[in-house]
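What follows is a set of notes on a single structure, which appears directly below.
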Amino acid sequence: MATFSFNNIKTSRQYIFSTAFIIVVSLLCYGMSSILGYRVLGFILLISVSFVAMVFDILPVLLAAILSALIWDFFFIPPYYTFQVSSTEDSILLLMYFIIAMVNAALTYKLRRMEKAAILKEEKENTVKLYNTLLNSLSHELRTPIAAIIAATDNLQSGTSKLTAQNKNELVGEIAKASFRLNQQVENLLNMSRLESGFIQPKKDWCDINEIVYETVNRLEENNITQAIRININPDIPLFKLDKGMLEQVLYNILINATLYTPPKSIISIIAQDHADVLEVVIEDNGAGFPSNELENVFDKFYRLKNTRTGGTGLGLSIVKGFTEAMGGSVSLRNVASGGARFTIDIPAETSYLKNLKNE
């Protein structure tokens, strides 16, 4: 939701708005002049100048201060409807009003500038911190698989005669594993850039959920994972009209995260159901779960859990959230009482039980 800021208004319009505000307040004061003394009304006008100073630039504020002083003198200080001041006390009072209004306007504007500078400084520090976090993560996540590929390739090229068939297979396996990891990080960066651009639009088509889930799991198992994945989907679940590529990436990122942070031989279950034209996919594991004080942060960009193994750019789950929301859905995470974590994805979509629509 866009926010409205007075500072985005052109200076010429600020002159108009500040003048109009002082006039409106003056009219209200004029209506109360029979029950309130002119000193109290002067105080009200002074407060109105403070309000103007809180939102507008310095020159429109100074105009409001001068205008309010002239109005107070002309309409409220005896004798009325003249700029003449009858008593020395009122002359000093008018002078002090003018000085206080001007100083108040200048100080308030200066405080706003200081606050804005502090916010910009904090944002800059956060940006630098975020950049360093990303740089450190990428330097490790990209350098490690590249180094593994180079080392394995060098061994294959330089020691071919001394390597057994098993050695060669192990080196090829290392290259494949490192290439998989490298491709995963590059894919996450590309997906995040798509989300950051703000132009990502789902390409909806009829999709078979069983097919998507099994293809994603097969892709994951090619990396020789040590966890067992159990799939529980009704074969008669309808077709859903949604973006297949986005859903595959959402499922893959959650599953790869589960395989990275659960012990070997853990069980990861996938359940997909139809709830009144809403696809619900639940991915649950029986690992250690997430720290309760970090649950609300896991979908943040570049966020990595504290006290966990090194590595990872912290993009995987933020992409899950971004892609799910791009499809009009939502994703939530909670820990299971018996141990482990449960991701629940809900995506509203058209459904059809006519399987022949799948290829339209």
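Ligands are numbered from 1 in the order shown, residues from 1 within each chain, and chains are lettered A, B, ... in the order they appear in the structure tokens.
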Per-residue DSSP, segment 53-95 of chain A, filtered to helix (DSSP H, G or I), as a ChimeraX atom specification: /A:53-55,58-76,88-95
Write out, as a PDB file, in the first residue's frame, the residues just selected, with N, CA and C atoms.
ATOM      1  N   ALA A  53       4.852  23.347  10.349  1.00  0.00           N
ATOM      2  CA  ALA A  53       6.303  23.100  10.333  1.00  0.00           C
ATOM      3  C   ALA A  53       6.638  21.617  10.353  1.00  0.00           C
ATOM      4  N   MET A  54       5.716  20.806  10.866  1.00  0.00           N
ATOM      5  CA  MET A  54       5.959  19.368  10.954  1.00  0.00           C
ATOM      6  C   MET A  54       5.892  18.665   9.600  1.00  0.00           C
ATOM      7  N   VAL A  55       5.219  19.302   8.620  1.00  0.00           N
ATOM      8  CA  VAL A  55       4.997  18.601   7.361  1.00  0.00           C
ATOM      9  C   VAL A  55       5.518  19.311   6.115  1.00  0.00           C
ATOM     10  N   ILE A  58      10.660  24.782   4.696  1.00  0.00           N
ATOM     11  CA  ILE A  58      10.882  25.947   5.539  1.00  0.00           C
ATOM     12  C   ILE A  58      10.204  27.220   5.029  1.00  0.00           C
ATOM     13  N   LEU A  59      10.259  27.468   3.714  1.00  0.00           N
ATOM     14  CA  LEU A  59       9.693  28.729   3.200  1.00  0.00           C
ATOM     15  C   LEU A  59       8.171  28.791   3.353  1.00  0.00           C
ATOM     16  N   PRO A  60       7.418  27.754   2.999  1.00  0.00           N
ATOM     17  CA  PRO A  60       5.974  27.793   3.266  1.00  0.00           C
ATOM     18  C   PRO A  60       5.659  27.931   4.757  1.00  0.00           C
ATOM     19  N   VAL A  61       6.508  27.380   5.611  1.00  0.00           N
ATOM     20  CA  VAL A  61       6.300  27.485   7.057  1.00  0.00           C
ATOM     21  C   VAL A  61       6.521  28.924   7.523  1.00  0.00           C
ATOM     22  N   LEU A  62       7.564  29.553   7.017  1.00  0.00           N
ATOM     23  CA  LEU A  62       7.816  30.955   7.377  1.00  0.00           C
ATOM     24  C   LEU A  62       6.677  31.850   6.907  1.00  0.00           C
ATOM     25  N   LEU A  63       6.138  31.552   5.719  1.00  0.00           N
ATOM     26  CA  LEU A  63       4.977  32.306   5.236  1.00  0.00           C
ATOM     27  C   LEU A  63       3.799  32.140   6.191  1.00  0.00           C
ATOM     28  N   ALA A  64       3.578  30.892   6.660  1.00  0.00           N
ATOM     29  CA  ALA A  64       2.482  30.640   7.593  1.00  0.00           C
ATOM     30  C   ALA A  64       2.697  31.389   8.902  1.00  0.00           C
ATOM     31  N   ALA A  65       3.955  31.470   9.363  1.00  0.00           N
ATOM     32  CA  ALA A  65       4.253  32.178  10.611  1.00  0.00           C
ATOM     33  C   ALA A  65       3.959  33.670  10.472  1.00  0.00           C
ATOM     34  N   ILE A  66       4.405  34.263   9.360  1.00  0.00           N
ATOM     35  CA  ILE A  66       4.166  35.698   9.129  1.00  0.00           C
ATOM     36  C   ILE A  66       2.673  35.969   8.988  1.00  0.00           C
ATOM     37  N   LEU A  67       1.987  35.143   8.210  1.00  0.00           N
ATOM     38  CA  LEU A  67       0.548  35.326   7.982  1.00  0.00           C
ATOM     39  C   LEU A  67      -0.233  35.206   9.282  1.00  0.00           C
ATOM     40  N   SER A  68       0.113  34.232  10.113  1.00  0.00           N
ATOM     41  CA  SER A  68      -0.616  34.055  11.372  1.00  0.00           C
ATOM     42  C   SER A  68      -0.403  35.252  12.300  1.00  0.00           C
ATOM     43  N   ALA A  69       0.807  35.820  12.301  1.00  0.00           N
ATOM     44  CA  ALA A  69       1.078  36.994  13.132  1.00  0.00           C
ATOM     45  C   ALA A  69       0.260  38.190  12.660  1.00  0.00           C
ATOM     46  N   LEU A  70       0.194  38.385  11.337  1.00  0.00           N
ATOM     47  CA  LEU A  70      -0.583  39.517  10.791  1.00  0.00           C
ATOM     48  C   LEU A  70      -2.069  39.339  11.067  1.00  0.00           C
ATOM     49  N   ILE A  71      -2.574  38.132  10.900  1.00  0.00           N
ATOM     50  CA  ILE A  71      -3.998  37.871  11.166  1.00  0.00           C
ATOM     51  C   ILE A  71      -4.323  38.100  12.633  1.00  0.00           C
ATOM     52  N   TRP A  72      -3.438  37.610  13.516  1.00  0.00           N
ATOM     53  CA  TRP A  72      -3.670  37.790  14.949  1.00  0.00           C
ATOM     54  C   TRP A  72      -3.720  39.272  15.314  1.00  0.00           C
ATOM     55  N   ASP A  73      -2.801  40.043  14.734  1.00  0.00           N
ATOM     56  CA  ASP A  73      -2.775  41.483  14.999  1.00  0.00           C
ATOM     57  C   ASP A  73      -4.014  42.169  14.444  1.00  0.00           C
ATOM     58  N   PHE A  74      -4.385  41.844  13.190  1.00  0.00           N
ATOM     59  CA  PHE A  74      -5.450  42.572  12.506  1.00  0.00           C
ATOM     60  C   PHE A  74      -6.838  42.245  13.065  1.00  0.00           C
ATOM     61  N   PHE A  75      -7.104  40.974  13.372  1.00  0.00           N
ATOM     62  CA  PHE A  75      -8.453  40.559  13.747  1.00  0.00           C
ATOM     63  C   PHE A  75      -8.672  40.382  15.245  1.00  0.00           C
ATOM     64  N   PHE A  76      -7.596  40.149  16.001  1.00  0.00           N
ATOM     65  CA  PHE A  76      -7.824  39.739  17.387  1.00  0.00           C
ATOM     66  C   PHE A  76      -7.247  40.683  18.447  1.00  0.00           C
ATOM     67  N   THR A  88       1.709  49.049  24.940  1.00  0.00           N
ATOM     68  CA  THR A  88       3.092  48.558  24.848  1.00  0.00           C
ATOM     69  C   THR A  88       3.156  47.063  25.126  1.00  0.00           C
ATOM     70  N   GLU A  89       2.332  46.603  26.062  1.00  0.00           N
ATOM     71  CA  GLU A  89       2.311  45.177  26.412  1.00  0.00           C
ATOM     72  C   GLU A  89       1.932  44.330  25.205  1.00  0.00           C
ATOM     73  N   ASP A  90       0.881  44.780  24.472  1.00  0.00           N
ATOM     74  CA  ASP A  90       0.461  44.020  23.289  1.00  0.00           C
ATOM     75  C   ASP A  90       1.501  44.104  22.175  1.00  0.00           C
ATOM     76  N   SER A  91       2.203  45.239  22.085  1.00  0.00           N
ATOM     77  CA  SER A  91       3.262  45.355  21.080  1.00  0.00           C
ATOM     78  C   SER A  91       4.378  44.347  21.348  1.00  0.00           C
ATOM     79  N   ILE A  92       4.783  44.266  22.634  1.00  0.00           N
ATOM     80  CA  ILE A  92       5.825  43.294  23.006  1.00  0.00           C
ATOM     81  C   ILE A  92       5.317  41.877  22.765  1.00  0.00           C
ATOM     82  N   LEU A  93       4.031  41.654  23.108  1.00  0.00           N
ATOM     83  CA  LEU A  93       3.433  40.328  22.927  1.00  0.00           C
ATOM     84  C   LEU A  93       3.415  39.934  21.451  1.00  0.00           C
ATOM     85  N   LEU A  94       3.061  40.884  20.576  1.00  0.00           N
ATOM     86  CA  LEU A  94       3.036  40.608  19.129  1.00  0.00           C
ATOM     87  C   LEU A  94       4.443  40.332  18.607  1.00  0.00           C
ATOM     88  N   LEU A  95       5.419  41.132  19.100  1.00  0.00           N
ATOM     89  CA  LEU A  95       6.799  40.921  18.672  1.00  0.00           C
ATOM     90  C   LEU A  95       7.298  39.542  19.109  1.00  0.00           C
TER      91      LEU A  95
END
Contacts of segment 211-221 of chain A at 10 Å (only C-alpha atoms; same-chain gap of 2+ positions) as a VMD selection string: chain A and resid 207 to 209 223 to 231 233 244 to 245 247 to 253 255 to 256 259 270 to 272 281
Could you save those same residues with N, CA and C atoms as a short mmCIF file (atom, residue, chain, number, x, y, z; two decimals), in the first residue's frame?
data_model
loop_
_atom_site.label_atom_id
_atom_site.label_comp_id
_atom_site.auth_asym_id
_atom_site.auth_seq_id
_atom_site.Cartn_x
_atom_site.Cartn_y
_atom_site.Cartn_z
N CYS A 207 -2.64 -27.82 -14.29
CA CYS A 207 -1.51 -28.59 -13.77
C CYS A 207 -2.00 -29.79 -12.97
N ASP A 208 -1.28 -30.88 -13.12
CA ASP A 208 -1.52 -32.08 -12.33
C ASP A 208 -0.60 -32.03 -11.11
N ILE A 209 -1.18 -31.90 -9.92
CA ILE A 209 -0.38 -31.75 -8.71
C ILE A 209 0.47 -32.98 -8.45
N ASN A 223 20.14 -35.72 -6.19
CA ASN A 223 21.28 -35.22 -5.42
C ASN A 223 21.68 -36.18 -4.30
N ASN A 224 21.13 -37.40 -4.34
CA ASN A 224 21.47 -38.45 -3.36
C ASN A 224 21.19 -38.01 -1.93
N ILE A 225 19.98 -37.56 -1.68
CA ILE A 225 19.60 -37.14 -0.33
C ILE A 225 19.52 -38.35 0.59
N THR A 226 19.67 -38.13 1.88
CA THR A 226 19.66 -39.23 2.86
C THR A 226 18.32 -39.35 3.58
N GLN A 227 17.41 -38.41 3.34
CA GLN A 227 16.10 -38.45 3.99
C GLN A 227 15.11 -39.25 3.14
N ALA A 228 14.08 -39.75 3.80
CA ALA A 228 13.00 -40.47 3.09
C ALA A 228 11.84 -39.52 2.88
N ILE A 229 11.34 -39.45 1.64
CA ILE A 229 10.23 -38.56 1.32
C ILE A 229 8.98 -39.40 1.08
N ARG A 230 7.92 -39.09 1.80
CA ARG A 230 6.66 -39.79 1.66
C ARG A 230 5.62 -38.85 1.06
N ILE A 231 4.97 -39.31 0.01
CA ILE A 231 3.98 -38.48 -0.70
C ILE A 231 2.59 -39.07 -0.47
N ILE A 233 -1.00 -38.05 -1.75
CA ILE A 233 -1.89 -37.23 -2.57
C ILE A 233 -2.95 -38.13 -3.18
N LYS A 244 2.94 -23.57 -13.08
CA LYS A 244 3.65 -24.81 -12.74
C LYS A 244 5.09 -24.53 -12.30
N GLY A 245 5.79 -23.68 -13.04
CA GLY A 245 7.18 -23.39 -12.72
C GLY A 245 7.35 -22.79 -11.33
N LEU A 247 5.23 -23.05 -8.75
CA LEU A 247 4.90 -24.04 -7.73
C LEU A 247 6.03 -25.05 -7.55
N GLU A 248 6.63 -25.48 -8.66
CA GLU A 248 7.76 -26.41 -8.56
C GLU A 248 8.91 -25.79 -7.76
N GLN A 249 9.18 -24.51 -8.00
CA GLN A 249 10.27 -23.85 -7.29
C GLN A 249 9.95 -23.70 -5.81
N VAL A 250 8.69 -23.41 -5.49
CA VAL A 250 8.26 -23.29 -4.10
C VAL A 250 8.47 -24.62 -3.37
N LEU A 251 7.98 -25.70 -3.98
CA LEU A 251 8.11 -27.02 -3.36
C LEU A 251 9.58 -27.42 -3.24
N TYR A 252 10.34 -27.17 -4.29
CA TYR A 252 11.75 -27.57 -4.31
C TYR A 252 12.53 -26.84 -3.21
N ASN A 253 12.32 -25.53 -3.07
CA ASN A 253 13.07 -24.77 -2.08
C ASN A 253 12.76 -25.23 -0.65
N LEU A 255 11.69 -28.26 0.19
CA LEU A 255 12.22 -29.62 0.34
C LEU A 255 13.74 -29.61 0.49
N ILE A 256 14.43 -28.80 -0.32
CA ILE A 256 15.89 -28.75 -0.22
C ILE A 256 16.31 -28.19 1.13
N THR A 259 16.02 -31.03 3.59
CA THR A 259 17.10 -32.02 3.49
C THR A 259 18.41 -31.48 4.04
N ILE A 270 4.80 -35.14 2.28
CA ILE A 270 4.13 -34.13 1.43
C ILE A 270 2.67 -34.55 1.28
N ILE A 271 1.78 -33.64 1.65
CA ILE A 271 0.34 -33.89 1.52
C ILE A 271 -0.27 -32.76 0.71
N ALA A 272 -1.05 -33.10 -0.30
CA ALA A 272 -1.73 -32.09 -1.13
C ALA A 272 -3.23 -32.39 -1.10
N VAL A 281 -0.94 -27.49 0.23
CA VAL A 281 0.19 -28.41 0.24
C VAL A 281 0.88 -28.28 1.59
#
Contacts of Asp285 of chain A at 6 Å (only C-alpha atoms; same-chain gap of 3+ positions) as a list in words: Ile267, Ile268, Gly340 and Ala341 of chain A
Between atom CA of Leu315 of chain A and atom CA of Leu190 of chain A - distance in Å to one decimal: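 Atom CA of Leu315 of chain A lies 10.5 Å from atom CA of Leu190 of chain A.
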Residue among A:Thr108, A:Ser48, A:Thr324, A:Ser179 lying closest to Val24 of chain A, counting only C-alpha atoms: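 Nearest candidate to Val24 of chain A out of A:Thr108, A:Ser48, A:Thr324, A:Ser179: A:Ser48.
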Straight-line distance linking atom CA of Glu296 of chain A with atom CA of Arg342 of chain A, stated in Å to one decimal: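 These atoms are spaced 13.6 Å apart.
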Of the listed residues A:Gln14, A:Leu46, A:Ala147, A:Val85, that which approaches Ile99 of chain A most closely, counting only C-alpha atoms: A:Leu46
For Asn286 of chain A, the nearest of the candidates A:Ser86, A:Ser50, A:Gln273, A:Asn335, counting only C-alpha atoms: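 When distances to Asn286 of chain A are compared using only C-alpha atoms, the smallest one comes from A:Asn335.
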Straight-line distance linking atom CA of Asn104 of chain A with atom CA of Arg39 of chain A, stated in Å to one decimal: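 A separation of 17.7 Å between them.
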Contact residues around Ile146 of chain A with only C-alpha atoms at 8 Å, ignoring same-chain residues under 3 positions, as a PyMOL selection string: chain A and resi 142-143+149-150+178-179+182
Selection above as a file: N, CA and C atoms, as a PDB file, in the first residue's frame:
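Saved to part00.pdb:
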ATOM      1  N   LEU A 142      29.361 -19.677  -3.840  1.00  0.00           N
ATOM      2  CA  LEU A 142      29.769 -19.826  -5.231  1.00  0.00           C
ATOM      3  C   LEU A 142      31.207 -20.334  -5.347  1.00  0.00           C
ATOM      4  N   ARG A 143      32.065 -19.877  -4.431  1.00  0.00           N
ATOM      5  CA  ARG A 143      33.465 -20.283  -4.514  1.00  0.00           C
ATOM      6  C   ARG A 143      33.647 -21.763  -4.193  1.00  0.00           C
ATOM      7  N   ILE A 149      34.770 -28.220  -8.357  1.00  0.00           N
ATOM      8  CA  ILE A 149      34.756 -28.601  -9.771  1.00  0.00           C
ATOM      9  C   ILE A 149      36.157 -28.514 -10.368  1.00  0.00           C
ATOM     10  N   ILE A 150      36.872 -27.417 -10.048  1.00  0.00           N
ATOM     11  CA  ILE A 150      38.227 -27.241 -10.589  1.00  0.00           C
ATOM     12  C   ILE A 150      39.161 -28.335 -10.082  1.00  0.00           C
ATOM     13  N   ALA A 178      28.801 -30.594  -7.002  1.00  0.00           N
ATOM     14  CA  ALA A 178      29.171 -29.179  -6.952  1.00  0.00           C
ATOM     15  C   ALA A 178      28.410 -28.377  -8.006  1.00  0.00           C
ATOM     16  N   SER A 179      28.233 -28.957  -9.186  1.00  0.00           N
ATOM     17  CA  SER A 179      27.489 -28.278 -10.250  1.00  0.00           C
ATOM     18  C   SER A 179      26.039 -28.076  -9.845  1.00  0.00           C
ATOM     19  N   LEU A 182      25.969 -25.224  -7.350  1.00  0.00           N
ATOM     20  CA  LEU A 182      26.207 -23.957  -8.035  1.00  0.00           C
ATOM     21  C   LEU A 182      24.968 -23.521  -8.810  1.00  0.00           C
TER      22      LEU A 182
END
Spatial neighbours of Thr351 of chain A, 9 Å, only C-alpha atoms, chain gap at least 5 places, as a list in words: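 Using only C-alpha atoms, the neighbours found are Trp206, Pro238, Leu239, Phe240, Lys241, Asp274, Ala276, Asp277 and Val278 of chain A.
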Write a file of the selected residues as a compact mmCIF listing (two decimals), in the first residue's frame, keeping N, CA and C atoms.
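Output below, filename result_4.txt:
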# COMPACT_ATOMS: atom_id res chain seq x y z
N TRP A 206 -3.40 -25.47 -16.72
CA TRP A 206 -3.90 -26.61 -15.97
C TRP A 206 -2.75 -27.52 -15.58
N PRO A 238 -8.23 -32.83 -8.24
CA PRO A 238 -8.48 -32.17 -9.53
C PRO A 238 -7.25 -31.47 -10.09
N LEU A 239 -7.36 -31.07 -11.34
CA LEU A 239 -6.35 -30.22 -11.94
C LEU A 239 -6.51 -28.81 -11.38
N PHE A 240 -5.40 -28.10 -11.24
CA PHE A 240 -5.43 -26.72 -10.75
C PHE A 240 -4.83 -25.81 -11.81
N LYS A 241 -5.45 -24.66 -11.98
CA LYS A 241 -4.95 -23.69 -12.96
C LYS A 241 -4.02 -22.71 -12.24
N ASP A 274 -7.43 -30.58 -1.83
CA ASP A 274 -8.26 -29.55 -2.45
C ASP A 274 -9.30 -29.11 -1.43
N ALA A 276 -12.19 -26.49 -1.54
CA ALA A 276 -13.06 -25.48 -2.17
C ALA A 276 -12.26 -24.53 -3.06
N ASP A 277 -11.64 -25.09 -4.09
CA ASP A 277 -10.86 -24.32 -5.05
C ASP A 277 -9.62 -23.66 -4.44
N VAL A 278 -9.12 -24.24 -3.40
CA VAL A 278 -7.86 -23.80 -2.80
C VAL A 278 -6.94 -25.01 -2.69
Long-range neighbours of Val25 of chain A as an NGL selection string, 10 Å cut-off, only C-alpha atoms, 6 positions minimum in chain: :A and (31 or 41 or 44-45 or 48-49 or 68)
Write a file of the just-selected residues containing N, CA and C atoms, as a compact mmCIF listing (two decimals), in the first residue's frame.
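Contents of part.txt, as written:
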# COMPACT_ATOMS: atom_id res chain seq x y z
N GLY A 31 -14.48 32.53 15.23
CA GLY A 31 -15.77 32.07 15.75
C GLY A 31 -15.75 31.89 17.26
N LEU A 41 -6.20 32.79 21.75
CA LEU A 41 -6.31 32.57 20.31
C LEU A 41 -4.94 32.67 19.63
N ILE A 44 -3.30 29.38 20.03
CA ILE A 44 -3.84 28.40 19.08
C ILE A 44 -3.20 28.59 17.70
N LEU A 45 -3.07 29.84 17.28
CA LEU A 45 -2.44 30.11 15.98
C LEU A 45 -0.97 29.68 15.99
N SER A 48 -0.83 26.07 15.44
CA SER A 48 -1.10 25.74 14.03
C SER A 48 0.15 25.91 13.17
N VAL A 49 0.97 26.90 13.49
CA VAL A 49 2.23 27.08 12.77
C VAL A 49 3.15 25.87 13.03
N SER A 68 0.11 34.23 10.11
CA SER A 68 -0.62 34.05 11.37
C SER A 68 -0.40 35.25 12.30
Per-residue DSSP, segment 166-274 of chain A, filtered to strand (DSSP E or B), as a list of chain:residue names: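 Everything in segment 166-274 of chain A that counts as strand (DSSP E or B) is A:Asp205, A:Trp206, A:Cys207, A:Ala228, A:Ile229, A:Arg230, A:Ile231, A:Asn232, A:Ile233, A:Leu239, A:Phe240, A:Lys241, A:Leu242, A:Ile267, A:Ile268, A:Ser269, A:Ile270, A:Ile271, A:Ala272, A:Gln273, A:Asp274.
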The selected residues should be written to file as a PDB file, in the first residue's frame (atoms: C-alpha atoms).
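File selection-v4.pdb, as written:
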ATOM      1  CA  ASP A 205      -2.204 -23.370 -16.967  1.00  0.00           C
ATOM      2  CA  TRP A 206      -3.900 -26.610 -15.970  1.00  0.00           C
ATOM      3  CA  CYS A 207      -1.515 -28.589 -13.771  1.00  0.00           C
ATOM      4  CA  ALA A 228      13.004 -40.467   3.095  1.00  0.00           C
ATOM      5  CA  ILE A 229      10.228 -38.560   1.321  1.00  0.00           C
ATOM      6  CA  ARG A 230       6.658 -39.793   1.661  1.00  0.00           C
ATOM      7  CA  ILE A 231       3.984 -38.485  -0.699  1.00  0.00           C
ATOM      8  CA  ASN A 232       0.297 -38.634   0.204  1.00  0.00           C
ATOM      9  CA  ILE A 233      -1.893 -37.232  -2.567  1.00  0.00           C
ATOM     10  CA  LEU A 239      -6.348 -30.218 -11.938  1.00  0.00           C
ATOM     11  CA  PHE A 240      -5.432 -26.720 -10.753  1.00  0.00           C
ATOM     12  CA  LYS A 241      -4.945 -23.690 -12.965  1.00  0.00           C
ATOM     13  CA  LEU A 242      -1.721 -22.090 -11.736  1.00  0.00           C
ATOM     14  CA  ILE A 267      11.141 -38.472   7.169  1.00  0.00           C
ATOM     15  CA  ILE A 268       9.725 -35.662   5.020  1.00  0.00           C
ATOM     16  CA  SER A 269       6.048 -35.957   4.162  1.00  0.00           C
ATOM     17  CA  ILE A 270       4.133 -34.134   1.430  1.00  0.00           C
ATOM     18  CA  ILE A 271       0.341 -33.890   1.523  1.00  0.00           C
ATOM     19  CA  ALA A 272      -1.735 -32.090  -1.126  1.00  0.00           C
ATOM     20  CA  GLN A 273      -5.477 -31.498  -0.789  1.00  0.00           C
ATOM     21  CA  ASP A 274      -8.265 -29.551  -2.445  1.00  0.00           C
TER      22      ASP A 274
END
Distance criterion (only C-alpha atoms): nearest to Arg113 of chain A out of A:Tyr15, A:Ile237, A:Phe56, A:Val320: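 Residue with the minimum atom-to-atom distance to Arg113 of chain A: A:Phe56.
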